[in-house]
Amino acid sequence: MPTRRPDAADAQLSAQYEAYPYPVRDPREEAKRLVVGSPSHLREIDHWIFAARRPAARPLRALIAGGGTGDAAIMLAQHLAWAGREGEVVWLDRSAAARRIAEARAAARGLGNLRFVEGSLLELPELGLGAFDYIDCCGVLHHLPDPAAGLAALAGALAPGGGIGLMLYAPHGRTGVYMLQDALRLLAPAAEPPSARVEIARRLWRQAPETAWLRRNPWLTDHLTGGDAGLYDLLLNPRDVAFTVPALHALIEGAGLRLVTLVEPLRYDPDMLLTDPRLRARTAALDPIQRAALAEAVAGNMGIHIAYCARAADPPLAAPPWEDPEAVPVLREIDGPALARSLPADGALPIGWDGLRVAVPLPRLAAAILARVDGRRSIGAIGDALAATAGVSREAFARDFAALARQMERLNRMLLAAPQAG
Ligand SMILES: C[S@@+](CC[C@H](N)C(=O)[O-])C[C@H]1O[C@@H](n2cnc3c(N)ncnc32)[C@H](O)[C@@H]1O
């Protein structure tokens, strides 16, 4: 595969993240909150990468490639530490300025399971960091001279059985960005000092007419709330390329990887949007990537894609064992009883994604089950509790649990924990 060498835009990119490490973070904030998200939430890695079959006691080696000011590295290292799990999280980035912030965040939390390496992900073989069970690459590949070469470098650093969590830009939800980037290439050329370019960008934003599409796109806020680093990243970045679902899929397959899931899976289901039976008859004839591409094109609001991938050379893992009574369901950043209390009477869970509102139908026993999901009880124990306290039959529980699990998994909200024994 021909590899595009670092070019002038790549040198500008490097300078950008020295001047404006991204995202803006203050290490003092670590005392107040943990920044969490996808990919690389430990619960997602356990579920989507390892199908809830890799024992929690097995040490996890993770690489955060292009780790920036540390969001994913800090989240994963903290999740491992809180769970008392063995592992090492390696932060890798070219930016010394970002490293200083990420290191200060780790120090503020007293995390001892993080290692910081300054360098390019394109030089992974020379860096001699060894193989990784999991690699995060969030918001990086779309800035590289050759995203395919970047992903191939990451795939080459995966241990057998390992997986990758990616975030790449998607075009439709970024409507307005590329027009203003074009304008700023004319008004604030890359040769000018970064601070001067920021000033011009702010002036342009104040003057941009109401027809400028970014004004009509309320789902992008980096230029409004992300400080100079956010503004620069969105509007002055020397290179960013957005990927539709088919382009992303081709990138993944080209690197010898297999797409496990897009997150949230339900968002990529066109049937969630299209209920007309004549349309449904046609969506049924599409393959999974075409279906996801259709959902992307119809919704029109996706600004990023999050994808979990496995090595194509590895045998595909069985699906997470939702039918195993010993498996333990876990909720992501939701309190089970609180969610149970808040469910509407019609049993449909309201969800919002960047302005798109959908109601996700849940089964009759959803509230009773969710109230008992505490990250410790197994599926079998929840069924026992419902039989004992509410007289719910095993058949009714099995049916409704399966229906609830299917919907909540597709929302990336209820997943299965890594097995404790193994
Ligand atoms: C938009 S920031 C994303 C930071 C972080 N992953 C996040 O999502 O918050 C992109 C990061 O990629 C880093 N980067 C760009 N090219 C790189 C390369 N070839 N090797 C390592 N890091 C790189 C930049 O220095 C920057 O910190």
# chains A, B, ... in the order shown; residues from 1 in each chain; ligands from 1
$ residues_around --residues "segment 163-168 of chain A" --least-positions-apart "5" --cutoff "8 Å" --atoms "only C-alpha atoms" --output "PyMOL selection string"
chain A and resi 39-40+49+133-142+155+158+242-243+304-311
$ select_by_dssp --residues "segment 173-290 of chain A" --states "alpha helix (DSSP H)" --output "ChimeraX atom specification"
/A:177-187,194-207,222-225,227-231,245-254,277-283,288-290
$ residues_around --residues "segment 385-399 of chain A" --least-positions-apart "6" --cutoff "9 Å" --atoms "only C-alpha atoms" --output "list in words"
Glu323, Pro363, Leu365, Ala368, Ile369 and Arg372 of chain A
$ closest_residue --among "A:Leu251, A:Leu34, A:Leu144, A:Leu111" --to "ligand 1" --atoms "only C-alpha atoms and all ligand atoms"
A:Leu144
$ residues_around --residues "Ile334 of chain A" --least-positions-apart "4" --cutoff "8 Å" --atoms "only C-alpha atoms" --output "list in words"
Ala338, Leu339 and Arg413 of chain A
$ residues_near_ligand --ligand "ligand 1" --cutoff "7 Å" --atoms "only C-alpha atoms and all ligand atoms" --output "PyMOL selection string"
chain A and resi 13-14+17+21-23+65-72+92-95+98+119-122+137-140+143-144+233
